[in-house]
Amino acid sequence: MRYWINELWRLGYMLFGLGALGLLFGELGGNLAAGLGWGLAAGLGLYVFLHLRHVRLLYVWLLRHPREEPPPGTGVWGDLFDRLYTYQKAQSQLQQRLRDILRRIQDSCEAMRDSVVMLDPHGDLEWWNSAASQMLGLKPDHDRGQPVTNLIRDPRFIDYFNGRDYREPLLMPSPIHDNRTLQFHITLFGDDERLLMVRDVTRLHQLEMMRRDFVANVSHELRTPLTVLAGYLETYADHADQLPARWQRGFNQMQSQTTRMQNLVEDLLLLSRLEIDSPDDDRGTLDVAALLTSIIEDARGLSGGRQTLELQVGEPRRLLGNAQELRSAVSNLVFNAVRYTPEGSTIILRWKPWHDGAAVEVEDNGEGFDPVHIPRLTERFYRIDKGRSAATGGTGLGLAIVKHVLLRHDARLDIVSRPGKGARFRCVFPASRLVAASAS
């Protein structure tokens with residue numbers, strides 16, 4: 001406000017001085033009014049001229065010498081020049097800091113062994129580090145601005161990119177090195193932009209393959225001696241009454257542990273097959289209601305009347321998949337419920353609609369368990385209660401088998417449980433896996 005008051009005083013001084021000068025000339029010429037008018041007009045003209053001059057100085061400074069000190073100014077213009085220069089200097093320092101931060105980010109990305117690729121909202125390449133050039137064969141001179149799906153043309157990557165479900169990474173061979181295995185992970189950020197991270201997991205993949213081969217080979221090697229041992233034990237069981245009484249307990253334990261080992265070997269072989277075989281092997285249209293009816297009858301036999309088992313079918317559609325694998329997965333869930341729920345509990349097996357897909361649910365009102373265990377339940381050999389699992393003869397591989405079967409059927413496993421509130425295991429299948437009963 002002070003500058004505007006000073007500016008008004010400055011205008012007043014000009015009008016007063018030039019007006020007085022005009023009166024003087026008017027008195028000499030014998031026309032005071034004309035002299036006063038010309039004096040005031042000259043004062044206003046001088047005032048406008050000074051402002052136009054400062055405007056020109058401002059324009060020349062901003063256009064030609066923006067980084068130099070501002071031109072000298074008087075009045076409000078001098079203060080305006082100083083404020084603009086201070087603001088410009090602060091902005092220049094801020095931009096320099098941002099440039100330094102960006103440079104450090106780029107340098108850190110360049111130092112990474114993993115590939116980093118930035119994509120715009122259209123999926124076009126904006127920037128990538130040198131590791132991406134080596135892993136993916138990207139060329140800065142030719143590929144910038146190109147759609148990433150034009151450069152990585154594997155159908156698995158295109159489906160992963162367009163599916164926009166980036167919760168899990170994609171594992172596939174390198175597009176330029178057949179002997180390398182890469183892990184692709186996309187993250188959405190900003191205005192529908194994407195950050196593509198690519199990691200070379202060749203060594204981990206080889207170790208995983210060695211582990212699978214080892215487990216499969218050992219399981220196959222164990223199957224034969226266990227079969228022989230179980231056969232002799234079964235033969236000796238026919239003459240168990242001829243054995244000394246003190247041998248009976250040891251003989252029964254040998255039979256129990258042999259059976260347990262056979263179950264473990266069979267589960268290990270099944271897991272190995274699920275990991276190696278193609279997901280679409282023996283794919284057909286399944287009558288889920290008939291499948292669940294057969295499973296629940298087996299479960300009633302296992303229960304022996306200790307629990308109440310119910311079957312609820314509210315979904316008419318059928319399922320595309322492998323009948324043997326799905327039977328194994330659902331049976332594991334139902335038999336676990338029979339084994340681990342107390343006598344008098346109710347176990348419900350459902351086939352029902354779920355959003356645009358469908359779900360198989362196994363729900364019980366048993367003891368339940370702490371939700372802290374849920375993230376690890378599908379790990380191999382993970383047990384909530386090791387003593388109870390050993391007593392029921394479980395192998396610790398049931399839920400791992402369920403997880404792999406569902407992955408092969410584009411499905412997922414949702415688990416909900418609370419201590420004393422029972423548990424619910426839900427296998428959710430997408431609409432792409434369902435067909436109408438009439439169509440089948």
# chains A, B, ... in the order shown; residues from 1 in each chain; ligands from 1

call {"tool": "select_by_dssp", "arguments": {"residues": "region 195-290 of chain A", "states": "strand (DSSP E or B)", "output": "list in words"}}
result
Leu195, Leu196, Met197, Val198, Arg199, Asp200, Gly284, Thr285 and Leu286 of chain A

call {"tool": "select_by_dssp", "arguments": {"residues": "region 219-382 of chain A", "states": "helix (DSSP H, G or I)", "output": "CSV table (one decimal) with C-alpha atoms, in the first residue's frame"}}
result
chain,number,residue,atom,x,y,z
A,219,SER,CA,10.2,-89.2,-4.4
A,220,HIS,CA,10.3,-91.7,-7.3
A,221,GLU,CA,13.3,-93.5,-5.7
A,222,LEU,CA,11.4,-93.7,-2.3
A,223,ARG,CA,8.2,-95.0,-3.9
A,224,THR,CA,9.6,-98.4,-4.8
A,225,PRO,CA,11.2,-99.4,-1.4
A,226,LEU,CA,8.1,-98.1,0.4
A,227,THR,CA,5.9,-100.2,-1.9
A,228,VAL,CA,8.0,-103.3,-1.1
A,229,LEU,CA,8.0,-102.5,2.6
A,230,ALA,CA,4.2,-101.9,2.7
A,231,GLY,CA,3.6,-105.1,0.8
A,232,TYR,CA,5.6,-107.2,3.2
A,233,LEU,CA,4.0,-105.5,6.2
A,234,GLU,CA,0.6,-106.2,4.7
A,235,THR,CA,1.6,-109.9,4.3
A,236,TYR,CA,2.9,-110.1,7.8
A,237,ALA,CA,-0.4,-108.5,9.0
A,240,ALA,CA,0.0,-110.9,13.1
A,241,ASP,CA,-1.6,-113.3,15.7
A,242,GLN,CA,1.5,-115.5,15.4
A,245,ALA,CA,2.8,-109.8,21.9
A,246,ARG,CA,5.7,-107.5,22.6
A,247,TRP,CA,6.2,-107.1,18.8
A,248,GLN,CA,2.7,-106.0,18.1
A,249,ARG,CA,3.1,-102.3,19.1
A,250,GLY,CA,6.2,-102.0,16.9
A,251,PHE,CA,4.6,-103.8,14.0
A,252,ASN,CA,1.6,-101.4,14.2
A,253,GLN,CA,3.8,-98.4,14.3
A,254,MET,CA,5.8,-99.6,11.2
A,255,GLN,CA,2.5,-100.0,9.3
A,256,SER,CA,1.3,-96.5,10.4
A,257,GLN,CA,4.6,-94.8,9.5
A,258,THR,CA,4.9,-96.6,6.2
A,259,THR,CA,1.5,-95.4,5.2
A,260,ARG,CA,2.3,-91.9,6.2
A,261,MET,CA,5.5,-92.0,4.2
A,262,GLN,CA,3.6,-93.3,1.1
A,263,ASN,CA,1.1,-90.4,1.5
A,264,LEU,CA,4.0,-87.9,1.7
A,265,VAL,CA,5.7,-89.3,-1.4
A,266,GLU,CA,2.4,-89.3,-3.4
A,267,ASP,CA,1.8,-85.6,-2.4
A,268,LEU,CA,5.4,-84.7,-3.3
A,269,LEU,CA,5.0,-86.4,-6.7
A,270,LEU,CA,1.7,-84.6,-7.3
A,271,LEU,CA,3.2,-81.2,-6.4
A,272,SER,CA,6.1,-81.9,-8.8
A,273,ARG,CA,3.7,-82.8,-11.6
A,274,LEU,CA,1.6,-79.6,-10.9
A,275,GLU,CA,4.7,-77.4,-11.2
A,276,ILE,CA,6.0,-79.0,-14.3
A,288,VAL,CA,-19.2,-79.3,-10.2
A,289,ALA,CA,-22.3,-80.4,-8.4
A,290,ALA,CA,-21.6,-84.1,-9.2
A,291,LEU,CA,-18.0,-83.7,-8.3
A,292,LEU,CA,-18.8,-82.1,-4.9
A,293,THR,CA,-21.4,-84.8,-4.2
A,294,SER,CA,-18.8,-87.5,-4.6
A,295,ILE,CA,-16.3,-85.6,-2.4
A,296,ILE,CA,-18.8,-85.1,0.4
A,297,GLU,CA,-19.7,-88.7,0.4
A,298,ASP,CA,-16.1,-89.7,0.8
A,299,ALA,CA,-15.8,-87.1,3.6
A,300,ARG,CA,-18.8,-88.6,5.4
A,301,GLY,CA,-17.0,-91.9,5.3
A,302,LEU,CA,-13.9,-90.3,6.8
A,303,SER,CA,-15.9,-88.5,9.5
A,323,ALA,CA,-11.3,-83.0,-12.9
A,324,GLN,CA,-8.5,-85.0,-11.1
A,325,GLU,CA,-6.7,-81.9,-10.0
A,326,LEU,CA,-9.8,-80.1,-8.8
A,327,ARG,CA,-11.0,-83.2,-7.0
A,328,SER,CA,-7.6,-83.3,-5.2
A,329,ALA,CA,-7.8,-79.7,-4.2
A,330,VAL,CA,-11.4,-79.7,-2.9
A,331,SER,CA,-10.9,-83.0,-1.2
A,332,ASN,CA,-7.9,-81.6,0.7
A,333,LEU,CA,-10.0,-78.7,2.0
A,334,VAL,CA,-12.9,-80.9,3.0
A,335,PHE,CA,-10.8,-83.7,4.6
A,336,ASN,CA,-8.8,-81.1,6.5
A,337,ALA,CA,-12.0,-79.7,7.9
A,338,VAL,CA,-13.1,-83.3,8.9
A,339,ARG,CA,-9.7,-84.0,10.6
A,340,TYR,CA,-9.3,-80.7,12.5
A,371,PRO,CA,-5.3,-65.0,11.3
A,372,VAL,CA,-1.5,-64.5,11.7
A,373,HIS,CA,-1.1,-67.9,10.2
A,374,ILE,CA,-3.1,-67.2,7.0
A,375,PRO,CA,-0.2,-65.8,4.8
A,376,ARG,CA,1.9,-69.0,5.4

call {"tool": "atom_distance", "arguments": {"atom1": "CA of Val116 (chain A)", "atom2": "CA of Thr149 (chain A)"}}
result
15.8 Å

call {"tool": "atom_distance", "arguments": {"atom1": "CA of Met112 (chain A)", "atom2": "CA of Arg211 (chain A)"}}
result
28.7 Å

call {"tool": "atom_distance", "arguments": {"atom1": "CA of Gln146 (chain A)", "atom2": "CA of Asp192 (chain A)"}}
result
17.0 Å

call {"tool": "residues_around", "arguments": {"residues": "Leu136 (chain A)", "least_positions_apart": "5", "cutoff": "9 Å", "atoms": "only C-alpha atoms", "output": "number ranges by chain"}}
result
A: 115, 131, 151-152, 174-177, 198

call {"tool": "closest_atom_pairs", "arguments": {"of": "region 294-335 of chain A", "to": "region 346-358 of chain A", "cutoff": "7 Å", "atoms": "only C-alpha atoms", "output": "CSV"}}
result
residue,atom,partner,partner_atom,distance
A:Gln307,CA,A:Thr346,CA,5.8
A:Thr308,CA,A:Thr346,CA,4.7
A:Leu309,CA,A:Ile347,CA,4.8
A:Glu310,CA,A:Ile348,CA,4.8
A:Leu311,CA,A:Leu349,CA,4.9
A:Gln312,CA,A:Arg350,CA,4.7
A:Val313,CA,A:Trp351,CA,4.8
A:Gly314,CA,A:Lys352,CA,4.7
A:Glu315,CA,A:Lys352,CA,4.6

call {"tool": "residues_around", "arguments": {"residues": "Tyr166 (chain A)", "least_positions_apart": "6", "cutoff": "10 Å", "atoms": "only C-alpha atoms", "output": "ChimeraX atom specification"}}
result
/A:160,184-188
